[in-house]
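Next comes start-v8.cif, with mmCIF, C-alpha atoms and all ligand atoms.
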data_entry
loop_
_atom_site.group_PDB
_atom_site.id
_atom_site.type_symbol
_atom_site.label_atom_id
_atom_site.label_comp_id
_atom_site.auth_asym_id
_atom_site.auth_seq_id
_atom_site.Cartn_x
_atom_site.Cartn_y
_atom_site.Cartn_z
ATOM 1 C CA MET E 1 -13.990 -6.132 -45.906
ATOM 2 C CA THR E 2 -17.557 -5.297 -45.310
ATOM 3 C CA SER E 3 -20.717 -5.580 -47.367
ATOM 4 C CA ILE E 4 -23.765 -3.842 -46.002
ATOM 5 C CA SER E 5 -26.831 -4.745 -48.018
ATOM 6 C CA ILE E 6 -29.034 -2.058 -49.536
ATOM 7 C CA LYS E 7 -32.624 -3.186 -49.278
ATOM 8 C CA SER E 8 -34.908 -3.227 -52.332
ATOM 9 C CA PRO E 9 -38.291 -1.475 -52.289
ATOM 10 C CA GLN E 10 -39.873 -4.902 -51.849
ATOM 11 C CA ASP E 11 -37.594 -5.679 -48.891
ATOM 12 C CA ILE E 12 -38.395 -2.325 -47.318
ATOM 13 C CA ALA E 13 -42.121 -2.962 -47.651
ATOM 14 C CA GLY E 14 -41.678 -6.348 -45.930
ATOM 15 C CA MET E 15 -39.531 -4.848 -43.183
ATOM 16 C CA ARG E 16 -42.150 -2.162 -42.466
ATOM 17 C CA ILE E 17 -44.724 -4.872 -41.856
ATOM 18 C CA ALA E 18 -42.422 -7.026 -39.719
ATOM 19 C CA GLY E 19 -41.340 -3.979 -37.711
ATOM 20 C CA ARG E 20 -44.886 -2.913 -36.929
ATOM 21 C CA LEU E 21 -45.816 -6.457 -35.918
ATOM 22 C CA GLY E 22 -42.783 -6.698 -33.635
ATOM 23 C CA SER E 23 -43.861 -3.499 -31.920
ATOM 24 C CA GLU E 24 -47.454 -4.695 -31.635
ATOM 25 C CA VAL E 25 -46.305 -7.713 -29.615
ATOM 26 C CA LEU E 26 -44.910 -5.266 -27.054
ATOM 27 C CA ASP E 27 -48.218 -3.344 -27.086
ATOM 28 C CA TYR E 28 -50.100 -6.599 -26.542
ATOM 29 C CA ILE E 29 -47.976 -7.796 -23.605
ATOM 30 C CA THR E 30 -47.806 -4.462 -21.769
ATOM 31 C CA PRO E 31 -50.892 -4.931 -19.510
ATOM 32 C CA PHE E 32 -49.590 -8.331 -18.381
ATOM 33 C CA VAL E 33 -46.209 -7.005 -17.190
ATOM 34 C CA LYS E 34 -47.059 -6.613 -13.503
ATOM 35 C CA ALA E 35 -45.876 -7.827 -10.104
ATOM 36 C CA GLY E 36 -46.641 -11.533 -9.658
ATOM 37 C CA VAL E 37 -46.312 -12.637 -13.277
ATOM 38 C CA THR E 38 -43.477 -14.969 -14.261
ATOM 39 C CA THR E 39 -41.183 -14.290 -17.179
ATOM 40 C CA GLY E 40 -42.211 -17.711 -18.495
ATOM 41 C CA GLU E 41 -45.868 -16.627 -18.585
ATOM 42 C CA LEU E 42 -44.929 -13.473 -20.537
ATOM 43 C CA ASP E 43 -43.069 -15.683 -23.005
ATOM 44 C CA ARG E 44 -46.051 -18.033 -23.353
ATOM 45 C CA LEU E 45 -48.467 -15.143 -23.973
ATOM 46 C CA CYS E 46 -46.198 -13.476 -26.549
ATOM 47 C CA HIS E 47 -45.527 -16.783 -28.295
ATOM 48 C CA GLU E 48 -49.248 -17.541 -28.626
ATOM 49 C CA TYR E 49 -49.997 -14.008 -29.851
ATOM 50 C CA MET E 50 -47.274 -14.178 -32.487
ATOM 51 C CA VAL E 51 -48.212 -17.589 -33.814
ATOM 52 C CA ASN E 52 -52.007 -17.580 -33.416
ATOM 53 C CA VAL E 53 -52.977 -13.909 -33.850
ATOM 54 C CA GLN E 54 -50.248 -12.408 -36.045
ATOM 55 C CA GLY E 55 -49.084 -15.409 -38.011
ATOM 56 C CA THR E 56 -45.495 -14.474 -37.213
ATOM 57 C CA ILE E 57 -42.590 -16.678 -36.147
ATOM 58 C CA PRO E 58 -40.610 -15.849 -32.984
ATOM 59 C CA ALA E 59 -37.047 -15.470 -34.264
ATOM 60 C CA PRO E 60 -35.293 -16.265 -30.954
ATOM 61 C CA LEU E 61 -36.822 -19.761 -30.616
ATOM 62 C CA ASN E 62 -34.050 -22.254 -31.416
ATOM 63 C CA TYR E 63 -31.834 -19.434 -32.704
ATOM 64 C CA CYS E 64 -28.315 -20.832 -32.590
ATOM 65 C CA PRO E 65 -25.382 -18.621 -33.585
ATOM 66 C CA PRO E 66 -21.971 -20.346 -33.856
ATOM 67 C CA GLY E 67 -20.725 -21.347 -30.403
ATOM 68 C CA TYR E 68 -24.171 -21.112 -28.786
ATOM 69 C CA THR E 69 -26.800 -23.643 -27.777
ATOM 70 C CA PRO E 70 -30.271 -23.087 -29.310
ATOM 71 C CA PHE E 71 -32.198 -20.326 -27.509
ATOM 72 C CA PRO E 72 -35.071 -22.211 -25.831
ATOM 73 C CA LYS E 73 -37.827 -19.564 -25.759
ATOM 74 C CA ALA E 74 -39.724 -17.120 -27.994
ATOM 75 C CA ILE E 75 -38.631 -13.852 -26.353
ATOM 76 C CA CYS E 76 -35.812 -12.537 -24.141
ATOM 77 C CA THR E 77 -36.663 -11.340 -20.624
ATOM 78 C CA SER E 78 -33.818 -9.510 -18.904
ATOM 79 C CA VAL E 79 -34.499 -8.528 -15.272
ATOM 80 C CA ASN E 80 -32.546 -5.980 -13.164
ATOM 81 C CA ASP E 81 -28.810 -6.815 -13.467
ATOM 82 C CA VAL E 82 -29.386 -8.990 -16.540
ATOM 83 C CA ILE E 83 -28.032 -7.008 -19.493
ATOM 84 C CA CYS E 84 -29.524 -9.111 -22.296
ATOM 85 C CA HIS E 85 -30.582 -12.575 -23.498
ATOM 86 C CA GLY E 86 -32.380 -13.502 -20.282
ATOM 87 C CA ILE E 87 -34.251 -16.801 -20.704
ATOM 88 C CA PRO E 88 -37.921 -16.744 -19.606
ATOM 89 C CA GLY E 89 -38.714 -19.152 -16.770
ATOM 90 C CA ASP E 90 -39.981 -19.358 -13.189
ATOM 91 C CA LYS E 91 -38.802 -15.900 -12.155
ATOM 92 C CA VAL E 92 -41.644 -13.906 -10.593
ATOM 93 C CA LEU E 93 -41.578 -10.151 -11.231
ATOM 94 C CA LYS E 94 -41.854 -8.114 -8.040
ATOM 95 C CA ASN E 95 -42.364 -4.484 -7.059
ATOM 96 C CA GLY E 96 -39.297 -2.417 -7.985
ATOM 97 C CA ASP E 97 -37.964 -4.788 -10.645
ATOM 98 C CA SER E 98 -37.080 -3.596 -14.137
ATOM 99 C CA VAL E 99 -37.408 -5.928 -17.097
ATOM 100 C CA ASN E 100 -36.490 -5.638 -20.762
ATOM 101 C CA LEU E 101 -38.696 -7.590 -23.144
ATOM 102 C CA ASP E 102 -36.908 -8.145 -26.455
ATOM 103 C CA ILE E 103 -39.177 -9.298 -29.263
ATOM 104 C CA THR E 104 -38.156 -10.343 -32.760
ATOM 105 C CA VAL E 105 -40.839 -11.567 -35.162
ATOM 106 C CA ILE E 106 -40.424 -13.023 -38.633
ATOM 107 C CA LYS E 107 -43.139 -12.229 -41.194
ATOM 108 C CA ASP E 108 -42.801 -13.387 -44.822
ATOM 109 C CA GLY E 109 -39.111 -13.954 -44.102
ATOM 110 C CA TYR E 110 -38.475 -10.442 -42.766
ATOM 111 C CA HIS E 111 -37.347 -9.697 -39.182
ATOM 112 C CA GLY E 112 -38.722 -6.963 -36.915
ATOM 113 C CA ASP E 113 -36.534 -6.578 -33.799
ATOM 114 C CA ASN E 114 -37.347 -4.287 -30.877
ATOM 115 C CA SER E 115 -37.344 -4.069 -27.111
ATOM 116 C CA ARG E 116 -38.760 -1.929 -24.344
ATOM 117 C CA MET E 117 -38.178 -1.582 -20.607
ATOM 118 C CA PHE E 118 -40.946 -2.122 -18.073
ATOM 119 C CA LEU E 119 -40.654 -0.865 -14.486
ATOM 120 C CA ILE E 120 -42.749 -2.838 -12.016
ATOM 121 C CA GLY E 121 -44.789 -1.004 -9.374
ATOM 122 C CA GLU E 122 -42.770 1.733 -7.667
ATOM 123 C CA PRO E 123 -39.262 1.672 -9.134
ATOM 124 C CA SER E 124 -36.262 3.221 -7.374
ATOM 125 C CA ILE E 125 -35.096 6.678 -8.424
ATOM 126 C CA LEU E 126 -31.973 5.035 -9.859
ATOM 127 C CA SER E 127 -33.986 2.581 -11.928
ATOM 128 C CA LYS E 128 -36.211 5.352 -13.315
ATOM 129 C CA ARG E 129 -33.246 7.534 -14.209
ATOM 130 C CA LEU E 130 -31.275 4.677 -15.794
ATOM 131 C CA ASN E 131 -34.321 3.784 -17.864
ATOM 132 C CA GLU E 132 -34.856 7.381 -19.009
ATOM 133 C CA ILE E 133 -31.218 7.936 -19.903
ATOM 134 C CA THR E 134 -31.115 4.647 -21.827
ATOM 135 C CA TYR E 135 -34.251 5.588 -23.783
ATOM 136 C CA GLU E 136 -32.667 8.947 -24.578
ATOM 137 C CA CYS E 137 -29.454 7.164 -25.636
ATOM 138 C CA MET E 138 -31.389 5.076 -28.171
ATOM 139 C CA TRP E 139 -33.102 8.154 -29.625
ATOM 140 C CA ILE E 140 -29.943 10.253 -29.666
ATOM 141 C CA GLY E 141 -28.399 7.445 -31.710
ATOM 142 C CA ILE E 142 -31.422 7.255 -34.023
ATOM 143 C CA ALA E 143 -31.281 11.013 -34.608
ATOM 144 C CA LYS E 144 -27.755 10.613 -36.062
ATOM 145 C CA VAL E 145 -29.041 8.387 -38.869
ATOM 146 C CA LYS E 146 -28.924 9.964 -42.334
ATOM 147 C CA PRO E 147 -27.113 9.331 -45.612
ATOM 148 C CA GLY E 148 -23.450 10.360 -45.476
ATOM 149 C CA ALA E 149 -23.221 10.256 -41.698
ATOM 150 C CA HIS E 150 -20.883 7.629 -40.250
ATOM 151 C CA LEU E 151 -21.864 4.666 -38.125
ATOM 152 C CA GLY E 152 -19.341 5.910 -35.534
ATOM 153 C CA ASP E 153 -21.458 9.034 -35.092
ATOM 154 C CA ILE E 154 -24.207 6.888 -33.586
ATOM 155 C CA GLY E 155 -21.995 5.175 -31.035
ATOM 156 C CA HIS E 156 -20.250 8.373 -30.058
ATOM 157 C CA ALA E 157 -23.489 10.202 -29.355
ATOM 158 C CA ILE E 158 -24.822 7.328 -27.270
ATOM 159 C CA GLN E 159 -21.607 6.950 -25.278
ATOM 160 C CA GLN E 160 -21.409 10.678 -24.531
ATOM 161 C CA HIS E 161 -24.947 10.769 -23.189
ATOM 162 C CA ALA E 162 -24.549 7.631 -21.049
ATOM 163 C CA GLU E 163 -21.197 8.603 -19.572
ATOM 164 C CA LYS E 164 -22.282 12.185 -18.873
ATOM 165 C CA ALA E 165 -24.972 10.649 -16.667
ATOM 166 C CA GLY E 166 -22.362 8.526 -14.851
ATOM 167 C CA TYR E 167 -23.321 5.277 -16.551
ATOM 168 C CA SER E 168 -21.367 2.865 -18.767
ATOM 169 C CA VAL E 169 -21.937 1.346 -22.206
ATOM 170 C CA VAL E 170 -21.750 -2.419 -22.754
ATOM 171 C CA ARG E 171 -19.184 -3.182 -25.486
ATOM 172 C CA GLU E 172 -19.635 -6.901 -26.118
ATOM 173 C CA PHE E 173 -23.086 -6.652 -27.724
ATOM 174 C CA CYS E 174 -24.205 -4.214 -30.348
ATOM 175 C CA GLY E 175 -26.873 -3.330 -32.863
ATOM 176 C CA HIS E 176 -26.857 -5.091 -36.204
ATOM 177 C CA GLY E 177 -27.997 -5.105 -39.766
ATOM 178 C CA ILE E 178 -31.245 -7.006 -40.216
ATOM 179 C CA GLY E 179 -33.543 -8.159 -43.004
ATOM 180 C CA THR E 180 -34.217 -11.724 -44.073
ATOM 181 C CA VAL E 181 -31.268 -12.521 -41.772
ATOM 182 C CA PHE E 182 -31.632 -11.830 -38.006
ATOM 183 C CA HIS E 183 -28.075 -10.552 -37.456
ATOM 184 C CA GLU E 184 -26.043 -9.320 -40.428
ATOM 185 C CA GLU E 185 -23.558 -6.577 -41.199
ATOM 186 C CA PRO E 186 -22.990 -3.914 -40.087
ATOM 187 C CA GLN E 187 -22.372 -4.018 -36.353
ATOM 188 C CA ILE E 188 -23.758 -0.897 -34.694
ATOM 189 C CA LEU E 189 -21.470 -0.097 -31.764
ATOM 190 C CA HIS E 190 -23.001 1.954 -28.966
ATOM 191 C CA TYR E 191 -19.674 3.686 -28.297
ATOM 192 C CA GLY E 192 -17.054 5.162 -30.578
ATOM 193 C CA ARG E 193 -15.754 8.189 -32.404
ATOM 194 C CA PRO E 194 -17.518 10.534 -34.807
ATOM 195 C CA GLY E 195 -16.522 10.290 -38.457
ATOM 196 C CA THR E 196 -15.361 6.676 -38.131
ATOM 197 C CA LEU E 197 -16.700 3.450 -39.652
ATOM 198 C CA GLU E 198 -18.906 3.127 -42.735
ATOM 199 C CA LYS E 199 -21.040 5.886 -44.215
ATOM 200 C CA MET E 200 -24.768 5.315 -44.065
ATOM 201 C CA GLN E 201 -26.659 4.972 -47.343
ATOM 202 C CA PRO E 202 -30.381 5.004 -48.128
ATOM 203 C CA GLY E 203 -31.801 1.487 -47.940
ATOM 204 C CA MET E 204 -29.607 0.235 -45.112
ATOM 205 C CA ILE E 205 -31.589 -1.264 -42.212
ATOM 206 C CA PHE E 206 -30.108 -1.872 -38.776
ATOM 207 C CA THR E 207 -31.017 -1.894 -35.106
ATOM 208 C CA ILE E 208 -29.919 0.548 -32.433
ATOM 209 C CA GLU E 209 -30.122 -1.151 -29.042
ATOM 210 C CA PRO E 210 -27.887 0.394 -26.367
ATOM 211 C CA MET E 211 -27.272 -1.597 -23.187
ATOM 212 C CA ILE E 212 -26.417 0.863 -20.409
ATOM 213 C CA ASN E 213 -25.180 -0.130 -16.944
ATOM 214 C CA ALA E 214 -25.633 1.909 -13.774
ATOM 215 C CA GLY E 215 -22.190 0.712 -12.656
ATOM 216 C CA ARG E 216 -19.209 -0.643 -14.571
ATOM 217 C CA ARG E 217 -19.455 -1.871 -18.138
ATOM 218 C CA GLU E 218 -17.977 -5.355 -17.616
ATOM 219 C CA ILE E 219 -20.198 -8.345 -18.231
ATOM 220 C CA LYS E 220 -20.498 -11.842 -16.800
ATOM 221 C CA GLU E 221 -21.881 -14.835 -18.715
ATOM 222 C CA MET E 222 -24.171 -17.159 -16.803
ATOM 223 C CA GLY E 223 -23.901 -20.942 -17.015
ATOM 224 C CA ASP E 224 -27.039 -21.325 -19.135
ATOM 225 C CA GLY E 225 -25.116 -20.322 -22.240
ATOM 226 C CA TRP E 226 -27.177 -17.173 -22.891
ATOM 227 C CA THR E 227 -27.885 -14.904 -19.903
ATOM 228 C CA ILE E 228 -25.534 -11.925 -19.630
ATOM 229 C CA LYS E 229 -25.316 -9.987 -16.332
ATOM 230 C CA THR E 230 -23.349 -6.999 -15.138
ATOM 231 C CA LYS E 231 -20.151 -8.242 -13.462
ATOM 232 C CA ASP E 232 -20.658 -5.804 -10.562
ATOM 233 C CA ARG E 233 -24.370 -6.752 -10.290
ATOM 234 C CA SER E 234 -25.428 -3.169 -11.022
ATOM 235 C CA LEU E 235 -28.695 -2.451 -12.823
ATOM 236 C CA SER E 236 -28.752 -2.510 -16.617
ATOM 237 C CA ALA E 237 -31.277 -1.156 -19.105
ATOM 238 C CA GLN E 238 -31.841 -1.481 -22.861
ATOM 239 C CA TRP E 239 -34.181 -0.137 -25.557
ATOM 240 C CA GLU E 240 -34.201 -1.200 -29.195
ATOM 241 C CA HIS E 241 -35.661 -0.084 -32.522
ATOM 242 C CA THR E 242 -35.117 -1.236 -36.118
ATOM 243 C CA ILE E 243 -34.209 1.730 -38.349
ATOM 244 C CA LEU E 244 -34.244 2.346 -42.112
ATOM 245 C CA VAL E 245 -31.854 4.911 -43.601
ATOM 246 C CA THR E 246 -33.969 7.082 -45.931
ATOM 247 C CA GLU E 247 -32.949 9.687 -48.531
ATOM 248 C CA THR E 248 -33.195 12.452 -45.940
ATOM 249 C CA GLY E 249 -32.724 10.763 -42.578
ATOM 250 C CA TYR E 250 -34.361 7.789 -40.948
ATOM 251 C CA GLU E 251 -37.578 5.892 -40.566
ATOM 252 C CA VAL E 252 -38.238 3.898 -37.392
ATOM 253 C CA LEU E 253 -39.734 0.608 -38.570
ATOM 254 C CA THR E 254 -40.694 -0.775 -35.145
ATOM 255 C CA LEU E 255 -43.479 1.656 -34.310
ATOM 256 C CA SER E 256 -47.097 0.955 -33.379
ATOM 257 C CA ALA E 257 -49.957 2.530 -31.463
ATOM 258 C CA GLY E 258 -48.327 1.800 -28.090
ATOM 259 C CA SER E 259 -44.807 3.002 -28.866
ATOM 260 C CA PRO E 260 -43.668 5.627 -26.371
ATOM 261 C CA PRO E 261 -43.031 9.000 -28.084
ATOM 262 C CA PRO E 262 -39.482 10.187 -28.709
ATOM 263 C CA PRO E 263 -37.969 12.440 -26.033
ATOM 264 C CA ALA E 264 -39.077 16.059 -26.535
ATOM 265 C CA PHE E 265 -35.564 17.188 -27.514
ATOM 266 C CA ILE E 266 -35.555 14.946 -30.594
ATOM 267 C CA THR E 267 -36.465 17.384 -33.348
ATOM 268 C CA THR E 268 -35.647 15.295 -36.418
ATOM 269 C CA GLN E 269 -38.713 14.054 -38.143
ATOM 270 C CA ALA E 270 -39.304 10.347 -38.473
ATOM 271 C CA GLN E 271 -40.811 9.670 -41.862
ATOM 272 C CA SER E 272 -43.568 7.233 -42.518
ATOM 273 C CA GLY E 273 -45.229 6.088 -45.687
ATOM 274 C CA VAL E 274 -42.341 7.427 -47.747
ATOM 275 C CA PRO E 275 -42.274 5.575 -51.077
ATOM 276 C CA ALA E 276 -39.273 3.297 -50.980
HETATM 277 N N1 LIG E 301 -33.260 -9.735 -30.083
HETATM 278 C C1 LIG E 301 -31.865 -9.781 -29.725
HETATM 279 C C2 LIG E 301 -31.214 -8.639 -30.462
HETATM 280 O O1 LIG E 301 -31.674 -7.560 -30.298
HETATM 281 C C3 LIG E 301 -31.209 -11.076 -30.051
HETATM 282 C C4 LIG E 301 -31.713 -12.178 -29.226
HETATM 283 S S1 LIG E 301 -30.939 -13.623 -29.709
HETATM 284 C C5 LIG E 301 -31.748 -14.752 -28.777
HETATM 285 O O2 LIG E 301 -30.351 -8.764 -31.271
HETATM 286 F F1 LIG E 301 -31.481 -15.891 -29.272
HETATM 287 F F2 LIG E 301 -31.367 -14.588 -27.520
HETATM 288 F F3 LIG E 301 -33.021 -14.530 -28.821
HETATM 289 CO CO CO E 302 -31.342 -6.631 -32.174
HETATM 290 CO CO CO E 303 -33.750 -7.499 -30.012
#

When written as structure tokens, how does the structure in this file appear?
Amino acid sequence: MTSISIKSPQDIAGMRIAGRLGSEVLDYITPFVKAGVTTGELDRLCHEYMVNVQGTIPAPLNYCPPGYTPFPKAICTSVNDVICHGIPGDKVLKNGDSVNLDITVIKDGYHGDNSRMFLIGEPSILSKRLNEITYECMWIGIAKVKPGAHLGDIGHAIQQHAEKAGYSVVREFCGHGIGTVFHEEPQILHYGRPGTLEKMQPGMIFTIEPMINAGRREIKEMGDGWTIKTKDRSLSAQWEHTILVTETGYEVLTLSAGSPPPPAFITTQAQSGVPA
């Protein structure tokens, strides 16, 4: 039994605002993501920007799904072999590190969830390639979004692209429906088979957020109750957008002035300002 909500025009309007604000936090923090900064300082800066400049609420702070302890910070900072849910703290970013900053804001009750990778200084060739392939994986998944297509089409396309490059797809964490609730149905798997799972319908909103490992796909949970690493300590990368299914395709909700452009081979047109 599943029930994927179809958002109302009013919900969609709220989600457009939350999505843009979520993306603007990433724009704001970008110049600070340099060698020598701590992940805790990045969290502090983002938290202040959200609360004092945007009037948004950081959704991760005290977020507590069943079986978890409350997440203690405003953003997730996942460095090198950390796959996701890294907790900001004393860790100093250094030349060659890669870090995912995952930002979710709440505005007027609506959630905007997105993440980007940042490569510090002179990254290794492996780190650059993993990052590029992971960004392509996210967009290849996004390009599958249209009414009548199946959710399994997204995962299949992502898995094919990652595995063709020699990388692996994390299975334990996935994209998710989102709205006034942070994580809701459906789950968006980043692997799978075409033509399987639910059909997409206009008004659905969900994230696509592939986690791609340079080595094996297995994960290891750290003792802090949140941080997830690769079991083989290989590098991991992740990108995330929040996506609306439109009448003809998709609209990326988490876009702003600083969003990197889609890869050149993405020819589907993202819509904007389409009346809901
Ligand atoms: N933003 C993450 C996601 O993309 C969820 C983070 S939950 C937290 O779904 F509590 F760790 F913040
Ligand atoms: Co998400
Ligand atoms: Co996120």

- If the PyMOL selection byres (((chain E and resi 64-70) around 12) and not hetatm) is run on the structure shown, which residues does it catch, given as a PyMOL selection string? chain E and resi 59-63+71-74+85+87+181-184+223-227

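Rounded to one decimal, atom CA of E:Val51 and atom CA of E:Gly22 lie 12.2 Å from each other.
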
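Proximity to E:Gly148 was assessed for E:Ile103, E:Met200, E:Leu126, E:Met211 counting only C-alpha atoms; the smallest distance is recorded for E:Met200.
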
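For the file at hand, the PyMOL selection byres (((not hetatm)) within 7 of (chain E and resi 303)) resolves to Asp102, Ile103, Thr104, Asp113, Asn114, Ser115 and Glu240 of chain E.
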
- Can you list, as a ChimeraX atom specification, the residues that the PyMOL selection byres (((chain E and resi 250) around 8) and not hetatm) selects here? /E:142-143,145-146,243-249,251-252,270-271

Restricting it to C-alpha atoms, dump the selection as a short mmCIF file (atom, residue, chain, number, x, y, z; two decimals), keeping the file's coordinate frame.
data_model
loop_
_atom_site.label_atom_id
_atom_site.label_comp_id
_atom_site.auth_asym_id
_atom_site.auth_seq_id
_atom_site.Cartn_x
_atom_site.Cartn_y
_atom_site.Cartn_z
CA ILE E 142 -31.42 7.26 -34.02
CA ALA E 143 -31.28 11.01 -34.61
CA VAL E 145 -29.04 8.39 -38.87
CA LYS E 146 -28.92 9.96 -42.33
CA ILE E 243 -34.21 1.73 -38.35
CA LEU E 244 -34.24 2.35 -42.11
CA VAL E 245 -31.85 4.91 -43.60
CA THR E 246 -33.97 7.08 -45.93
CA GLU E 247 -32.95 9.69 -48.53
CA THR E 248 -33.20 12.45 -45.94
CA GLY E 249 -32.72 10.76 -42.58
CA GLU E 251 -37.58 5.89 -40.57
CA VAL E 252 -38.24 3.90 -37.39
CA ALA E 270 -39.30 10.35 -38.47
CA GLN E 271 -40.81 9.67 -41.86
#

- Would you mind listing what lies within 8 Å of E:Cys46 as a VMD selection string, with only C-alpha atoms counted and same-chain residues fewer than 2 positions away left out? chain E and resid 25 28 to 29 42 to 44 48 to 50 74 to 75

Could you save the residues just selected, with C-alpha atoms, as a PDB file, keeping the file's coordinate frame?
ATOM      1  CA  VAL E  25     -46.305  -7.713 -29.615  1.00  0.00           C
ATOM      2  CA  TYR E  28     -50.100  -6.599 -26.542  1.00  0.00           C
ATOM      3  CA  ILE E  29     -47.976  -7.796 -23.605  1.00  0.00           C
ATOM      4  CA  LEU E  42     -44.929 -13.473 -20.537  1.00  0.00           C
ATOM      5  CA  ASP E  43     -43.069 -15.683 -23.005  1.00  0.00           C
ATOM      6  CA  ARG E  44     -46.051 -18.033 -23.353  1.00  0.00           C
ATOM      7  CA  GLU E  48     -49.248 -17.541 -28.626  1.00  0.00           C
ATOM      8  CA  TYR E  49     -49.997 -14.008 -29.851  1.00  0.00           C
ATOM      9  CA  MET E  50     -47.274 -14.178 -32.487  1.00  0.00           C
ATOM     10  CA  ALA E  74     -39.724 -17.120 -27.994  1.00  0.00           C
ATOM     11  CA  ILE E  75     -38.631 -13.852 -26.353  1.00  0.00           C
TER      12      ILE E  75
END

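Rounded to one decimal, atom CA of E:Leu197 and atom CA of E:Gln238 lie 23.1 Å from each other.
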
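Of the listed residues (E:Gly86, E:Gly203, E:Pro261, E:Gly112), E:Gly112 comes nearest to ligand CO 302 (chain E); the distances count only C-alpha atoms and all ligand atoms.
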
- Note on the structure: Taken to one decimal, the atom CA of E:Ser5-atom CA of E:Pro147 distance is 14.3 Å

- Message: Env of E:Asp27: 8 Å cut, atoms = all atoms listed in the file, seq-sep filter 3 positions within chain, self excluded. Answer as a ChimeraX atom specification.
- Response: /E:23-24,30,256-259

Selection above as a file: C-alpha atoms, as an mmCIF file, keeping the file's coordinate frame:
data_model
loop_
_atom_site.group_PDB
_atom_site.id
_atom_site.type_symbol
_atom_site.label_atom_id
_atom_site.label_comp_id
_atom_site.auth_asym_id
_atom_site.auth_seq_id
_atom_site.Cartn_x
_atom_site.Cartn_y
_atom_site.Cartn_z
ATOM 1 C CA SER E 23 -43.861 -3.499 -31.920
ATOM 2 C CA GLU E 24 -47.454 -4.695 -31.635
ATOM 3 C CA THR E 30 -47.806 -4.462 -21.769
ATOM 4 C CA SER E 256 -47.097 0.955 -33.379
ATOM 5 C CA ALA E 257 -49.957 2.530 -31.463
ATOM 6 C CA GLY E 258 -48.327 1.800 -28.090
ATOM 7 C CA SER E 259 -44.807 3.002 -28.866
#

- Task: May I ask which of the residues E:Cys84, E:Leu235, E:Thr267, E:Lys107 is the closest one to ligand CO 302 (chain E), counting only C-alpha atoms and all ligand atoms?
- Result: E:Cys84

- Message: When you look at E:Arg171 with a cut-off of 12 Å (counting all atoms listed in the file), what residues show up, excluding the ones that are within fewer than 4 positions of it in the same chain? I need them as a PyMOL selection string.
- Response: chain E and resi 83+155+159+175+187-192+209-213+216-219+230

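Closest to E:Ile208 among E:Glu221, E:Asp90, E:Glu136, E:Glu163 is E:Glu136, based on only C-alpha atoms.
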
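Distances here use all atoms listed in the file; by that measure, the residue among E:Ala157, E:Pro58, E:Arg193, E:Asn80 closest to ligand LIG 301 (chain E) is E:Pro58.
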
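Minimum atom-to-atom distance to ligand CO 302 (chain E), evaluated using all atoms listed in the file, belongs to E:Gly19 out of E:Gly19, E:Leu45, E:Val37, E:Ala165.
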
- Message: Please list as an NGL selection string every residue within 9 Å of E:Glu122, counting only C-alpha atoms and excluding residues in the same chain fewer than 3 positions away.
- Response: :E and (95-97 or 119)

Saved selection, atoms kept: C-alpha atoms, as a short mmCIF file (atom, residue, chain, number, x, y, z; two decimals), in the frame of the given file:
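Produced file result24.cif, reproduced below:
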data_model
loop_
_atom_site.label_atom_id
_atom_site.label_comp_id
_atom_site.auth_asym_id
_atom_site.auth_seq_id
_atom_site.Cartn_x
_atom_site.Cartn_y
_atom_site.Cartn_z
CA ASN E 95 -42.36 -4.48 -7.06
CA GLY E 96 -39.30 -2.42 -7.98
CA ASP E 97 -37.96 -4.79 -10.64
CA LEU E 119 -40.65 -0.86 -14.49
#

Quick one: what's the axis-aligned box for stretch 145-163 of chain E, all listed atoms, 3 Å on every side, centre and edges in Å to one decimal, as JSON?
{"center_x": -24.2, "center_y": 7.7, "center_z": -32.6, "size_x": 15.7, "size_y": 12.1, "size_z": 32.0}
